[in-house]
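K.L.:
I'd like to ask you about the structure that follows.
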Amino acid sequence: MSDKGDIQELYNQREERRKLRAKRPIAEKLKIAEELRDLQKALAPIREANRAKVRSLGRQDSD
Amino acid sequence: MSLQTKQTFAVLNQMVADGVIENYAIAGAIGAMFYVEPFSTKDLDVLVTTPEDRLIVELPGWGYLKAHGYTKVESEGIVVEGWPVQFLPATTPLEREAYVNAQMLSVEEVPVRVARPEHLVAIMLKVGRQKDIARITMFLSQEAVEISALEDLINRHGLSEKWLDYNEKSVLK
């Protein structure tokens, strides 16, 4: 199989897995959403620190 | 492990029972998750109606929730059992239709009124942010919408041009 065929096959498999995840019970999906929300909150200070660093580097570049 | 979101839905149901809101329809990302795979979101969007002749001077339900101990505001929503809840008045014909035609589902025995997938997709198409477009693709690729029902909504609500544009750019051709 060509590389392109391999990639297409991987893509198809991934899509099939996503379809299966979509059919999970809603309680399971909401639990995942809660975990992702809590993770986002935990990561917020790190992301903010990174944004501040990028902004400060941007300012230095323009000086 | 208990599901916190279930408690949020229970509070919404209580608000209806207590006459604070006429009814509600879960929309946005949480609404979408009833039909597609889960993904990250910060808040819970709830469509509500307000009397047309009343000027909205405060968030619907704000006084009630405050009296019930929900006083924290985050992401422009009132935090109810862990989720910032945004009450969005259904003002456009499409939003009103989504509100009126929402379906009763349940989460671990707790009833919850959720906008139908076709309405959610039509609203996303109308709003048209990058994340909305990505979510439309999720609905389509995960076979979560009835295309004929969606196209009917698109035609009736003047979204045909946006739909054509989406399809032209879509990777799902």
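As shown in the structure tokens, the chain order sets the letters A, B, ...; within each chain, residues go from 1, and ligands are also counted from 1 in the order they appear.
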Which segment 39-110 of chain B residues have any atom within 9 Å of an atom of segment 22-26 of chain A, and for each, what is the nearest pair of atoms with distance in Å to one decimal, counting only C-alpha atoms, rows sorted by chain and number, as JSON lines?
P.N.:
{"residue": "B:Ser106", "atom": "CA", "partner": "A:Ile26", "partner_atom": "CA", "distance": 8.6}
{"residue": "B:Val107", "atom": "CA", "partner": "A:Ile26", "partner_atom": "CA", "distance": 6.6}
{"residue": "B:Glu108", "atom": "CA", "partner": "A:Ile26", "partner_atom": "CA", "distance": 8.7}
K.L.:
From segment 63-170 of chain B, collect each residue whose DSSP state is strand (DSSP E) and return the set as number ranges by chain.
P.N.:
B: 73-74, 77-80, 83-89, 103-107, 110-114
K.L.:
Go ahead and write the residues just picked, C-alpha atoms, as a short mmCIF file (atom, residue, chain, number, x, y, z; two decimals), in the first residue's frame.
P.N.:
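Full text of result16.cif as output:
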data_model
loop_
_atom_site.label_atom_id
_atom_site.label_comp_id
_atom_site.auth_asym_id
_atom_site.auth_seq_id
_atom_site.Cartn_x
_atom_site.Cartn_y
_atom_site.Cartn_z
CA VAL B 73 -19.65 34.57 38.14
CA GLU B 74 -17.14 33.08 35.72
CA GLY B 77 -21.96 32.88 33.50
CA ILE B 78 -23.32 32.11 36.92
CA VAL B 79 -21.50 29.08 38.32
CA VAL B 80 -24.07 26.38 39.07
CA TRP B 83 -20.48 25.01 35.35
CA PRO B 84 -20.68 28.70 34.47
CA VAL B 85 -24.23 28.82 33.07
CA GLN B 86 -25.00 31.40 30.40
CA PHE B 87 -28.71 32.07 30.00
CA LEU B 88 -29.17 33.20 26.42
CA PRO B 89 -32.53 34.72 25.50
CA GLN B 103 -36.24 17.30 23.13
CA MET B 104 -36.40 15.73 26.56
CA LEU B 105 -33.46 13.42 27.19
CA SER B 106 -32.07 12.14 30.45
CA VAL B 107 -28.75 11.89 32.19
CA VAL B 110 -32.31 13.37 35.51
CA PRO B 111 -34.45 14.79 32.69
CA VAL B 112 -32.83 17.44 30.57
CA ARG B 113 -34.22 19.45 27.68
CA VAL B 114 -31.72 19.65 24.82
#
K.L.:
Distance cut-off 7 Å, counting only C-alpha atoms - which residues of chain A neighbour chain B? Return them as a tab-separated table (two decimals) with all heavy atoms, in the first residue's frame.
P.N.:
chain	number	residue	atom	x	y	z
A	18	ARG	N	-13.95	7.93	16.44
A	18	ARG	CA	-14.69	9.13	16.88
A	18	ARG	C	-16.19	8.88	16.85
A	18	ARG	O	-16.91	9.31	17.73
A	18	ARG	CB	-14.32	10.32	15.99
A	18	ARG	CG	-12.87	10.71	16.10
A	18	ARG	CD	-12.52	11.86	15.22
A	18	ARG	NE	-12.86	13.10	15.88
A	18	ARG	CZ	-12.54	14.31	15.39
A	18	ARG	NH1	-11.90	14.40	14.25
A	18	ARG	NH2	-12.87	15.38	16.04
A	19	LYS	N	-16.63	8.15	15.83
A	19	LYS	CA	-18.07	7.81	15.75
A	19	LYS	C	-18.47	6.96	16.95
A	19	LYS	O	-19.54	7.14	17.52
A	19	LYS	CB	-18.36	7.05	14.46
A	19	LYS	CG	-18.55	7.94	13.26
A	19	LYS	CD	-18.92	7.10	12.05
A	19	LYS	CE	-18.55	7.82	10.78
A	19	LYS	NZ	-18.66	6.98	9.59
A	21	ARG	N	-17.00	6.96	19.89
A	21	ARG	CA	-16.99	7.83	21.08
A	21	ARG	C	-18.26	8.66	21.14
A	21	ARG	O	-18.79	8.93	22.21
A	21	ARG	CB	-15.76	8.74	21.07
A	21	ARG	CG	-14.48	8.05	21.52
A	21	ARG	CD	-13.47	9.07	22.03
A	21	ARG	NE	-13.01	9.95	20.98
A	21	ARG	CZ	-11.96	9.70	20.18
A	21	ARG	NH1	-11.28	8.59	20.35
A	21	ARG	NH2	-11.58	10.55	19.26
A	22	ALA	N	-18.74	9.08	19.97
A	22	ALA	CA	-19.96	9.90	19.93
A	22	ALA	C	-21.16	9.13	20.44
A	22	ALA	O	-22.11	9.71	20.95
A	22	ALA	CB	-20.21	10.38	18.50
A	26	ILE	N	-24.29	9.47	27.44
A	26	ILE	CA	-24.07	10.90	27.67
A	26	ILE	C	-23.40	11.16	29.02
A	26	ILE	O	-22.57	12.06	29.14
A	26	ILE	CB	-25.39	11.71	27.51
A	26	ILE	CG1	-25.14	13.20	27.68
A	26	ILE	CG2	-26.48	11.22	28.43
A	26	ILE	CD1	-24.22	13.82	26.67
A	27	ALA	N	-23.70	10.36	30.03
A	27	ALA	CA	-23.08	10.58	31.35
A	27	ALA	C	-21.56	10.43	31.25
A	27	ALA	O	-20.81	11.20	31.85
A	27	ALA	CB	-23.65	9.59	32.37
A	29	LYS	N	-19.76	10.95	28.56
A	29	LYS	CA	-19.23	12.09	27.79
A	29	LYS	C	-19.17	13.35	28.65
A	29	LYS	O	-18.21	14.12	28.58
A	29	LYS	CB	-20.09	12.31	26.53
A	29	LYS	CG	-20.02	11.15	25.55
A	29	LYS	CD	-20.48	11.53	24.17
A	29	LYS	CE	-21.96	11.48	24.00
A	29	LYS	NZ	-22.39	11.77	22.62
A	30	LEU	N	-20.19	13.54	29.46
A	30	LEU	CA	-20.20	14.73	30.33
A	30	LEU	C	-19.10	14.64	31.38
A	30	LEU	O	-18.52	15.66	31.77
A	30	LEU	CB	-21.57	14.92	30.97
A	30	LEU	CG	-22.67	15.33	29.99
A	30	LEU	CD1	-24.04	15.30	30.67
A	30	LEU	CD2	-22.43	16.73	29.41
A	31	LYS	N	-18.83	13.43	31.84
A	31	LYS	CA	-17.75	13.25	32.82
A	31	LYS	C	-16.41	13.67	32.19
A	31	LYS	O	-15.60	14.36	32.83
A	31	LYS	CB	-17.69	11.77	33.24
A	31	LYS	CG	-16.77	11.50	34.39
A	31	LYS	CD	-17.41	11.90	35.69
A	31	LYS	CE	-16.37	12.33	36.69
A	31	LYS	NZ	-16.91	13.16	37.75
A	32	ILE	N	-16.21	13.29	30.94
A	32	ILE	CA	-14.98	13.69	30.23
A	32	ILE	C	-14.94	15.22	30.11
A	32	ILE	O	-13.90	15.85	30.32
A	32	ILE	CB	-14.91	13.02	28.84
A	32	ILE	CG1	-14.74	11.51	29.02
A	32	ILE	CG2	-13.78	13.59	27.99
A	32	ILE	CD1	-14.92	10.69	27.75
A	33	ALA	N	-16.09	15.82	29.77
A	33	ALA	CA	-16.15	17.28	29.64
A	33	ALA	C	-15.79	17.96	30.96
A	33	ALA	O	-15.09	18.98	30.99
A	33	ALA	CB	-17.53	17.72	29.18
A	36	LEU	N	-12.06	17.69	31.41
A	36	LEU	CA	-11.37	18.63	30.52
A	36	LEU	C	-11.50	20.06	31.05
A	36	LEU	O	-10.55	20.84	31.00
A	36	LEU	CB	-11.96	18.54	29.09
A	36	LEU	CG	-11.61	17.27	28.31
A	36	LEU	CD1	-12.42	17.21	27.01
A	36	LEU	CD2	-10.13	17.20	28.00
A	37	ARG	N	-12.68	20.41	31.55
A	37	ARG	CA	-12.90	21.74	32.13
A	37	ARG	C	-11.95	21.97	33.31
A	37	ARG	O	-11.31	23.02	33.41
A	37	ARG	CB	-14.36	21.85	32.60
A	37	ARG	CG	-14.71	23.15	33.29
A	37	ARG	CD	-15.97	23.00	34.13
A	37	ARG	NE	-15.79	22.02	35.18
A	37	ARG	CZ	-16.77	21.42	35.84
A	37	ARG	NH1	-18.02	21.68	35.56
A	37	ARG	NH2	-16.52	20.55	36.81
K.L.:
Quote the spacing between atom CA of Val54 of chain A and atom CA of Gln40 of chain A in Å to one decimal place.
P.N.:
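Straight-line distance from atom CA of Val54 of chain A to atom CA of Gln40 of chain A works out to 19.5 Å.
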K.L.:
What are the DSSP alpha helix (DSSP H) residues of segment 14-166 of chain B, as number ranges by chain?
P.N.:
B: 14-17, 28-33, 62-67, 93-100, 117-127, 130-141, 147-156, 160-166
